[in-house]
$ cat work15.cif   # mmCIF, C-alpha atoms and all ligand atoms
data_query
#
loop_
_atom_site.label_atom_id
_atom_site.label_comp_id
_atom_site.auth_asym_id
_atom_site.auth_seq_id
_atom_site.Cartn_x
_atom_site.Cartn_y
_atom_site.Cartn_z
CA MET X 1 49.61 54.05 -15.56
CA LYS X 2 48.12 52.12 -12.64
CA ILE X 3 44.36 52.21 -12.08
CA VAL X 4 42.97 50.29 -9.11
CA PHE X 5 39.29 49.43 -8.71
CA PHE X 6 37.96 48.83 -5.20
CA GLY X 7 34.83 46.99 -6.29
CA ALA X 8 34.48 44.74 -9.32
CA GLY X 9 30.71 44.85 -9.75
CA ASN X 10 28.48 46.10 -12.57
CA MET X 11 29.75 49.66 -12.76
CA ALA X 12 33.45 48.95 -12.20
CA SER X 13 33.50 46.16 -14.78
CA ALA X 14 31.67 48.33 -17.34
CA ILE X 15 34.30 51.03 -16.87
CA PHE X 16 37.44 48.88 -17.01
CA THR X 17 36.07 46.77 -19.87
CA GLY X 18 35.40 49.96 -21.87
CA MET X 19 38.89 51.30 -21.18
CA ILE X 20 40.55 48.03 -22.22
CA GLU X 21 38.39 47.42 -25.29
CA LYS X 22 39.02 50.95 -26.58
CA GLY X 23 42.77 50.34 -26.07
CA ILE X 24 43.12 53.44 -23.87
CA VAL X 25 44.76 51.38 -21.09
CA LYS X 26 46.50 48.02 -21.11
CA PRO X 27 44.96 45.17 -19.07
CA GLU X 28 48.12 44.98 -16.98
CA ASP X 29 47.56 48.62 -15.91
CA ILE X 30 44.28 47.65 -14.23
CA TYR X 31 44.09 46.16 -10.72
CA ILE X 32 40.83 44.99 -9.23
CA THR X 33 39.73 43.89 -5.79
CA SER X 34 36.40 43.02 -4.25
CA LYS X 35 35.06 42.32 -0.78
CA SER X 36 34.50 38.58 -0.81
CA ASN X 37 33.46 37.51 -4.32
CA ARG X 38 36.88 36.33 -5.50
CA VAL X 39 35.37 34.12 -8.19
CA ALA X 40 33.92 37.10 -10.09
CA ALA X 41 37.23 38.98 -9.84
CA MET X 42 39.17 35.96 -11.12
CA GLU X 43 36.78 35.67 -14.07
CA PHE X 44 37.74 39.21 -15.12
CA LYS X 45 41.41 38.26 -14.78
CA GLU X 46 40.88 35.29 -17.08
CA ALA X 47 38.69 37.14 -19.60
CA LEU X 48 40.56 40.44 -19.81
CA GLY X 49 44.02 39.89 -18.31
CA VAL X 50 43.61 42.42 -15.48
CA ASN X 51 45.42 41.97 -12.15
CA VAL X 52 43.48 40.78 -9.10
CA SER X 53 44.81 41.39 -5.61
CA TYR X 54 43.63 41.43 -2.01
CA ASP X 55 46.90 42.89 -0.70
CA ASP X 56 45.98 46.51 0.05
CA ALA X 57 49.59 47.68 0.30
CA GLU X 58 50.33 46.21 -3.15
CA LEU X 59 47.14 47.68 -4.60
CA CYS X 60 47.81 51.21 -3.37
CA LYS X 61 51.55 51.30 -4.15
CA ASP X 62 52.27 53.73 -7.02
CA ALA X 63 48.58 53.94 -8.01
CA ASP X 64 47.72 56.86 -10.28
CA TYR X 65 44.00 56.43 -9.72
CA ILE X 66 41.97 54.49 -7.17
CA VAL X 67 38.38 54.07 -8.30
CA LEU X 68 35.91 53.77 -5.41
CA ALA X 69 33.31 51.49 -6.97
CA SER X 70 31.57 49.84 -4.03
CA LYS X 71 28.05 50.65 -2.92
CA PRO X 72 27.99 53.85 -0.82
CA GLN X 73 27.19 51.85 2.34
CA ASN X 74 30.48 49.94 1.95
CA PHE X 75 32.59 53.08 1.55
CA SER X 76 33.81 53.19 5.18
CA ASP X 77 35.20 49.64 4.84
CA VAL X 78 36.93 50.57 1.58
CA ALA X 79 38.34 53.73 3.17
CA LYS X 80 39.79 51.63 6.02
CA ARG X 81 41.52 49.40 3.45
CA ILE X 82 43.17 52.20 1.51
CA ARG X 83 43.88 54.88 4.12
CA PRO X 84 47.04 53.30 5.64
CA TYR X 85 48.71 52.90 2.24
CA LEU X 86 47.41 55.81 0.20
CA GLU X 87 50.12 57.90 -1.48
CA LYS X 88 49.67 61.64 -1.94
CA LYS X 89 49.96 61.48 -5.74
CA THR X 90 47.05 59.01 -6.05
CA LYS X 91 43.79 60.51 -7.26
CA LEU X 92 40.54 59.10 -5.90
CA ILE X 93 37.70 58.63 -8.38
CA SER X 94 34.33 57.92 -6.83
CA VAL X 95 31.41 56.39 -8.70
CA MET X 96 29.44 56.13 -5.46
CA ALA X 97 26.17 58.06 -5.59
CA GLY X 98 25.64 60.71 -2.96
CA ILE X 99 29.01 60.74 -1.17
CA HIS X 100 30.53 64.23 -1.16
CA ILE X 101 34.14 65.04 -2.04
CA ALA X 102 34.71 66.37 1.51
CA THR X 103 33.51 63.07 3.03
CA ILE X 104 35.76 61.04 0.74
CA GLN X 105 38.74 63.17 1.70
CA GLU X 106 37.90 62.99 5.43
CA GLU X 107 37.55 59.22 5.44
CA ALA X 108 40.10 58.15 2.87
CA GLY X 109 42.80 60.75 2.31
CA MET X 110 42.78 64.44 3.17
CA GLU X 111 45.67 65.22 0.86
CA ASN X 112 44.33 63.45 -2.20
CA ALA X 113 42.62 65.01 -5.18
CA VAL X 114 39.13 63.58 -5.74
CA ALA X 115 36.72 63.40 -8.68
CA ARG X 116 33.15 62.22 -8.42
CA ILE X 117 31.80 60.60 -11.55
CA MET X 118 28.21 59.67 -12.31
CA PRO X 119 27.94 57.23 -15.21
CA ASN X 120 24.75 55.36 -16.05
CA THR X 121 23.92 51.76 -16.87
CA ASN X 122 24.60 52.38 -20.56
CA ALA X 123 28.27 52.21 -19.55
CA MET X 124 27.77 48.43 -19.99
CA VAL X 125 27.47 49.04 -23.75
CA GLN X 126 30.09 51.82 -23.66
CA TYR X 127 27.40 54.43 -24.27
CA SER X 128 27.21 56.11 -20.88
CA VAL X 129 26.68 59.79 -20.23
CA ASN X 130 29.04 60.77 -17.42
CA GLY X 131 28.84 63.71 -15.05
CA ILE X 132 32.21 64.62 -13.51
CA ALA X 133 32.92 66.94 -10.56
CA PHE X 134 36.52 67.67 -9.56
CA SER X 135 37.99 68.80 -6.25
CA ASP X 136 39.75 72.17 -6.59
CA ASP X 137 43.22 70.60 -6.34
CA PHE X 138 42.62 68.05 -9.13
CA ASP X 139 45.25 68.68 -11.82
CA ASN X 140 45.58 67.18 -15.33
CA ARG X 141 41.79 66.85 -15.59
CA ASP X 142 41.96 66.07 -19.30
CA GLU X 143 43.61 62.72 -18.59
CA LEU X 144 40.60 61.52 -16.59
CA ILE X 145 38.17 63.04 -19.12
CA ASP X 146 39.94 61.09 -21.91
CA LEU X 147 39.88 57.86 -19.90
CA MET X 148 36.15 58.28 -19.33
CA ALA X 149 35.49 59.01 -22.99
CA SER X 150 36.27 55.31 -23.58
CA PHE X 151 32.85 54.37 -22.20
CA GLY X 152 30.71 57.46 -22.74
CA LYS X 153 30.25 61.18 -23.27
CA ASN X 154 31.33 63.53 -20.48
CA VAL X 155 29.83 66.65 -18.95
CA VAL X 156 31.89 68.47 -16.30
CA VAL X 157 29.80 70.06 -13.54
CA GLY X 158 30.44 71.58 -10.12
CA GLU X 159 29.74 69.27 -7.21
CA ASP X 160 26.39 71.02 -6.73
CA GLY X 161 25.46 69.81 -10.23
CA MET X 162 25.86 66.13 -9.33
CA ASP X 163 22.29 65.79 -8.00
CA ASN X 164 20.94 67.15 -11.30
CA ILE X 165 23.15 64.74 -13.27
CA THR X 166 22.03 61.85 -11.08
CA ALA X 167 18.41 62.68 -11.94
CA ALA X 168 18.95 63.57 -15.60
CA THR X 169 21.16 60.76 -16.83
CA GLY X 170 21.82 58.45 -13.85
CA SER X 171 18.10 57.71 -13.49
CA GLY X 172 17.40 58.77 -17.09
CA PRO X 173 17.46 55.28 -18.67
CA ALA X 174 14.69 54.13 -16.29
CA PHE X 175 12.52 57.14 -17.20
CA LEU X 176 12.95 56.40 -20.90
CA TYR X 177 12.24 52.67 -20.38
CA TYR X 178 9.00 53.69 -18.66
CA ILE X 179 7.99 55.81 -21.66
CA TYR X 180 8.80 52.94 -24.07
CA GLU X 181 6.76 50.63 -21.85
CA GLN X 182 3.73 52.93 -22.23
CA TYR X 183 4.32 53.10 -25.99
CA ALA X 184 4.34 49.29 -26.27
CA LYS X 185 1.19 49.03 -24.12
CA SER X 186 -0.55 51.52 -26.43
CA LEU X 187 0.44 49.43 -29.46
CA GLU X 188 -1.14 46.42 -27.76
CA GLU X 189 -4.30 48.49 -27.26
CA LEU X 190 -4.24 49.28 -30.99
CA GLY X 191 -4.40 45.52 -31.58
CA PHE X 192 -0.80 44.33 -31.96
CA SER X 193 0.28 41.19 -30.12
CA LYS X 194 2.50 41.72 -27.06
CA GLU X 195 5.43 40.28 -29.00
CA ASP X 196 4.93 42.57 -32.01
CA ALA X 197 4.32 45.61 -29.77
CA ASP X 198 7.66 44.94 -28.05
CA LYS X 199 9.47 44.35 -31.36
CA LEU X 200 8.02 47.48 -33.00
CA THR X 201 8.74 49.73 -30.01
CA ARG X 202 12.25 48.39 -29.41
CA ASN X 203 13.30 48.84 -33.04
CA LEU X 204 11.64 52.24 -33.29
CA VAL X 205 13.78 53.36 -30.35
CA ILE X 206 16.98 51.75 -31.66
CA GLY X 207 16.46 53.25 -35.14
CA THR X 208 15.68 56.69 -33.76
CA GLY X 209 18.77 56.48 -31.54
CA LYS X 210 20.91 55.55 -34.54
CA THR X 211 19.49 58.50 -36.50
CA LEU X 212 20.29 60.80 -33.57
CA SER X 213 23.84 59.48 -33.48
CA GLU X 214 24.29 60.27 -37.18
CA ARG X 215 22.37 63.54 -37.58
CA PRO X 216 23.42 66.61 -35.59
CA GLU X 217 20.27 68.68 -36.30
CA SER X 218 18.11 69.80 -33.37
CA PHE X 219 15.33 67.52 -32.11
CA GLU X 220 12.85 70.11 -33.36
CA LYS X 221 14.32 70.09 -36.88
CA LEU X 222 14.30 66.30 -37.03
CA ARG X 223 10.67 66.32 -35.93
CA THR X 224 9.47 69.05 -38.30
CA ASP X 225 11.31 67.40 -41.21
CA ILE X 226 9.02 64.38 -40.94
CA THR X 227 5.79 66.24 -40.14
CA SER X 228 3.73 67.05 -43.23
CA LYS X 229 0.92 69.60 -43.16
CA ALA X 230 -2.39 67.93 -42.29
CA GLY X 231 -0.73 64.50 -42.23
CA THR X 232 -0.91 61.67 -39.71
CA THR X 233 2.17 62.74 -37.73
CA GLU X 234 0.81 66.27 -37.33
CA ALA X 235 -2.52 64.89 -36.10
CA GLY X 236 -0.73 62.81 -33.45
CA LEU X 237 1.57 65.66 -32.47
CA ASP X 238 -1.40 68.01 -32.03
CA THR X 239 -2.68 65.68 -29.31
CA LEU X 240 0.76 65.17 -27.78
CA SER X 241 1.52 68.88 -27.61
CA GLU X 242 -1.78 69.55 -25.80
CA SER X 243 -0.66 67.31 -22.94
CA LYS X 244 1.61 68.73 -20.24
CA LEU X 245 4.46 66.41 -21.18
CA GLN X 246 7.33 68.86 -20.60
CA GLU X 247 5.86 69.82 -17.21
CA ILE X 248 5.57 66.14 -16.24
CA ILE X 249 9.17 65.42 -17.30
CA PHE X 250 10.41 68.47 -15.37
CA GLU X 251 8.57 67.32 -12.23
CA THR X 252 9.92 63.78 -12.64
CA LEU X 253 13.50 65.08 -12.77
CA GLY X 254 12.82 67.34 -9.79
CA SER X 255 11.63 64.39 -7.67
CA ALA X 256 14.72 62.37 -8.57
CA ARG X 257 17.02 65.32 -7.86
CA ASP X 258 15.37 65.99 -4.47
CA ARG X 259 15.79 62.32 -3.53
CA SER X 260 19.46 62.47 -4.52
CA ILE X 261 19.94 65.53 -2.27
CA LYS X 262 18.19 63.73 0.61
CA LEU X 263 20.28 60.57 0.19
CA SER X 264 23.48 62.66 0.19
CA GLU X 265 22.74 63.99 3.69
CA ARG X 266 24.92 61.93 6.01
N1 LIG Q 1 24.37 50.94 -11.52
C1 LIG Q 1 24.29 52.21 -11.92
O1 LIG Q 1 23.59 52.60 -12.84
C2 LIG Q 1 25.15 53.24 -11.27
C3 LIG Q 1 25.24 54.50 -11.86
C4 LIG Q 1 26.09 55.43 -11.28
C5 LIG Q 1 26.77 55.11 -10.12
N2 LIG Q 1 26.62 53.89 -9.55
C6 LIG Q 1 27.36 53.60 -8.32
O2 LIG Q 1 28.25 52.55 -8.58
C7 LIG Q 1 28.55 51.91 -7.36
C8 LIG Q 1 28.63 50.42 -7.59
O3 LIG Q 1 27.37 49.96 -8.07
P1 LIG Q 1 27.29 48.54 -8.76
O4 LIG Q 1 25.95 48.46 -9.37
O5 LIG Q 1 28.50 48.29 -9.59
O6 LIG Q 1 27.37 47.58 -7.43
P2 LIG Q 1 27.72 46.03 -7.35
O7 LIG Q 1 27.56 45.36 -8.65
O8 LIG Q 1 27.00 45.51 -6.15
O9 LIG Q 1 29.31 46.02 -7.02
C9 LIG Q 1 29.82 46.46 -5.79
C10 LIG Q 1 31.26 45.97 -5.69
O10 LIG Q 1 31.85 46.54 -4.51
C11 LIG Q 1 32.61 45.52 -3.87
N3 LIG Q 1 32.87 45.84 -2.45
C12 LIG Q 1 32.00 45.93 -1.43
N4 LIG Q 1 32.66 46.18 -0.27
C13 LIG Q 1 33.98 46.26 -0.60
C14 LIG Q 1 35.17 46.44 0.15
N5 LIG Q 1 35.14 46.65 1.48
N6 LIG Q 1 36.36 46.43 -0.52
C15 LIG Q 1 36.40 46.23 -1.85
N7 LIG Q 1 35.32 46.01 -2.61
C16 LIG Q 1 34.12 46.02 -1.98
C17 LIG Q 1 31.75 44.28 -4.07
O11 LIG Q 1 32.51 43.11 -3.78
P3 LIG Q 1 31.75 41.70 -3.43
O12 LIG Q 1 31.05 41.31 -4.69
O13 LIG Q 1 32.87 40.81 -3.06
O14 LIG Q 1 30.79 42.01 -2.31
C18 LIG Q 1 31.40 44.45 -5.56
O15 LIG Q 1 32.47 44.01 -6.37
C19 LIG Q 1 27.48 52.35 -6.35
O16 LIG Q 1 28.08 53.18 -5.38
C20 LIG Q 1 26.49 53.13 -7.17
O17 LIG Q 1 26.01 54.25 -6.45
C21 LIG Q 1 25.85 52.94 -10.11
#
$ encode --input "work15.cif" --output "structure tokens"
Amino acid sequence: MKIVFFGAGNMASAIFTGMIEKGIVKPEDIYITSKSNRVAAMEFKEALGVNVSYDDAELCKDADYIVLASKPQNFSDVAKRIRPYLEKKTKLISVMAGIHIATIQEEAGMENAVARIMPNTNAMVQYSVNGIAFSDDFDNRDELIDLMASFGKNVVVGEDGMDNITAATGSGPAFLYYIYEQYAKSLEELGFSKEDADKLTRNLVIGTGKTLSERPESFEKLRTDITSKAGTTEAGLDTLSESKLQEIIFETLGSARDRSIKLSER
């Protein structure tokens, strides 16, 4: 298999590192290229054993997948690099936010199957949640789904679901960080030092995440299991449930989704 990454930045490196570390592809199957930062690309070659090339004909020759991993504003330059050499069998995988399948095909290769993927920053720790949308002509979808399972959990959506995924899990880590930030600030208000508030919040989140990864019960069941009648947790939850938290979260996701739709208009 030959997988070529146009872009060797945060997202691309998280993806190819995950694939190599999980042993799902060999380092020699991966080719990377960047725009001008050759030092960063060479560091990946030294650390992981991937190939680095700036010869576009060599990069595109016999490629099974070309991953478009530049910023969206650099896509036209990337398309110019690959278009002359792109083979029909090569599938294009875009991580670029907001660029539609039709635009990718128009600019890069009309005859090529395309998948848009939306990972999140947790790909860096191989714990991403990935949305995937396929073009109609994309065959052997399971192969890509398996490759992506090396750095996260996958949800397949139609292209019209990509804006919701962008809001829900692309931006999701930032929304959760904001909530943890408020939690830590409240601990400070209770009297903990800033350092202890950070330590307590961080480990509360990590521990709860670990529990979630090990226990398949619903969120509600996990909550009710630790809520005794007339206890402290119930007293806190009474206050929490009176707030319009779900409404606020829904509106937050709606704003992010609307912005994603707006940014996709080209
Ligand atoms: N970060 C996230 O959470 C996240 C989540 C989902 C999707 N995404 C998407 O992932 C994409 C990449 O984001 P990132 O954070 O990884 O960006 P980044 O770290 O800035 O990396 C961008 C890479 O693209 C390369 N590049 C630019 N122009 C190029 C060209 N003409 N040919 C080849 N390579 C070129 C850059 O090379 P140089 O360094 O040489 O300039 C760099 O290696 C974006 O489209 C973003 O929408 C990001």
$ residues_near_ligand --input "work15.cif" --ligand "ligand LIG 1 (chain Q)" --cutoff "7 Å" --atoms "all atoms listed in the file" --output "list of chain:residue names"
X:Phe6, X:Gly7, X:Ala8, X:Gly9, X:Asn10, X:Met11, X:Ala12, X:Thr33, X:Ser34, X:Lys35, X:Ser36, X:Asn37, X:Arg38, X:Ala69, X:Ser70, X:Lys71, X:Pro72, X:Asn74, X:Phe75, X:Asp77, X:Val78, X:Val95, X:Met96, X:Ala97, X:Met118, X:Pro119, X:Asn120, X:Thr121, X:Gly170
$ residues_near_point --input "work15.cif" --point "(54.8, 62.6, -7.3)" --cutoff "12 Å" --atoms "only C-alpha atoms" --output "list in words"
Asp62, Ala63, Asp64, Glu87, Lys88, Lys89, Thr90, Lys91 and Asn112 of chain X
$ closest_residue --input "work15.cif" --among "X:Ser171, X:Thr17, X:Ser76, X:Asn51" --to "Ala123 in chain X" --atoms "all atoms listed in the file"
X:Thr17
$ atom_distance --input "work15.cif" --atom1 "CA of Lys2 in chain X" --atom2 "CA of Glu28 in chain X"
8.4 Å
$ atom_distance --input "work15.cif" --atom1 "CA of Glu251 in chain X" --atom2 "CA of Thr224 in chain X"
26.1 Å
$ build_atoms --input "work15.cif" --residues "range 32-46 of chain X" --atoms "N, CA and C atoms" --output "mmCIF file, in the frame of the given file"
data_model
loop_
_atom_site.group_PDB
_atom_site.id
_atom_site.type_symbol
_atom_site.label_atom_id
_atom_site.label_comp_id
_atom_site.auth_asym_id
_atom_site.auth_seq_id
_atom_site.Cartn_x
_atom_site.Cartn_y
_atom_site.Cartn_z
ATOM 1 N N ILE X 32 42.157 44.994 -9.838
ATOM 2 C CA ILE X 32 40.830 44.990 -9.230
ATOM 3 C C ILE X 32 40.838 44.204 -7.922
ATOM 4 N N THR X 33 39.940 44.616 -7.040
ATOM 5 C CA THR X 33 39.730 43.890 -5.790
ATOM 6 C C THR X 33 38.257 43.965 -5.444
ATOM 7 N N SER X 34 37.800 43.005 -4.665
ATOM 8 C CA SER X 34 36.400 43.020 -4.250
ATOM 9 C C SER X 34 36.349 42.797 -2.750
ATOM 10 N N LYS X 35 35.165 42.563 -2.227
ATOM 11 C CA LYS X 35 35.060 42.320 -0.780
ATOM 12 C C LYS X 35 35.269 40.835 -0.520
ATOM 13 N N SER X 36 34.402 40.015 -1.097
ATOM 14 C CA SER X 36 34.500 38.580 -0.810
ATOM 15 C C SER X 36 34.285 37.705 -2.047
ATOM 16 N N ASN X 37 33.759 38.315 -3.129
ATOM 17 C CA ASN X 37 33.460 37.510 -4.320
ATOM 18 C C ASN X 37 34.714 37.371 -5.195
ATOM 19 N N ARG X 38 35.607 36.482 -4.775
ATOM 20 C CA ARG X 38 36.880 36.330 -5.500
ATOM 21 C C ARG X 38 36.681 35.629 -6.833
ATOM 22 N N VAL X 39 35.612 34.841 -6.946
ATOM 23 C CA VAL X 39 35.370 34.120 -8.190
ATOM 24 C C VAL X 39 35.108 35.123 -9.321
ATOM 25 N N ALA X 40 34.246 36.107 -9.048
ATOM 26 C CA ALA X 40 33.920 37.100 -10.090
ATOM 27 C C ALA X 40 35.182 37.855 -10.499
ATOM 28 N N ALA X 41 35.998 38.241 -9.514
ATOM 29 C CA ALA X 41 37.230 38.980 -9.840
ATOM 30 C C ALA X 41 38.150 38.131 -10.702
ATOM 31 N N MET X 42 38.281 36.841 -10.349
ATOM 32 C CA MET X 42 39.170 35.960 -11.120
ATOM 33 C C MET X 42 38.655 35.762 -12.548
ATOM 34 N N GLU X 43 37.331 35.810 -12.712
ATOM 35 C CA GLU X 43 36.780 35.670 -14.070
ATOM 36 C C GLU X 43 37.209 36.845 -14.950
ATOM 37 N N PHE X 44 37.267 38.049 -14.347
ATOM 38 C CA PHE X 44 37.740 39.210 -15.120
ATOM 39 C C PHE X 44 39.227 39.057 -15.451
ATOM 40 N N LYS X 45 39.981 38.484 -14.517
ATOM 41 C CA LYS X 45 41.410 38.260 -14.780
ATOM 42 C C LYS X 45 41.572 37.333 -15.990
ATOM 43 N N GLU X 46 40.776 36.253 -15.983
ATOM 44 C CA GLU X 46 40.880 35.290 -17.080
ATOM 45 C C GLU X 46 40.397 35.876 -18.407
#
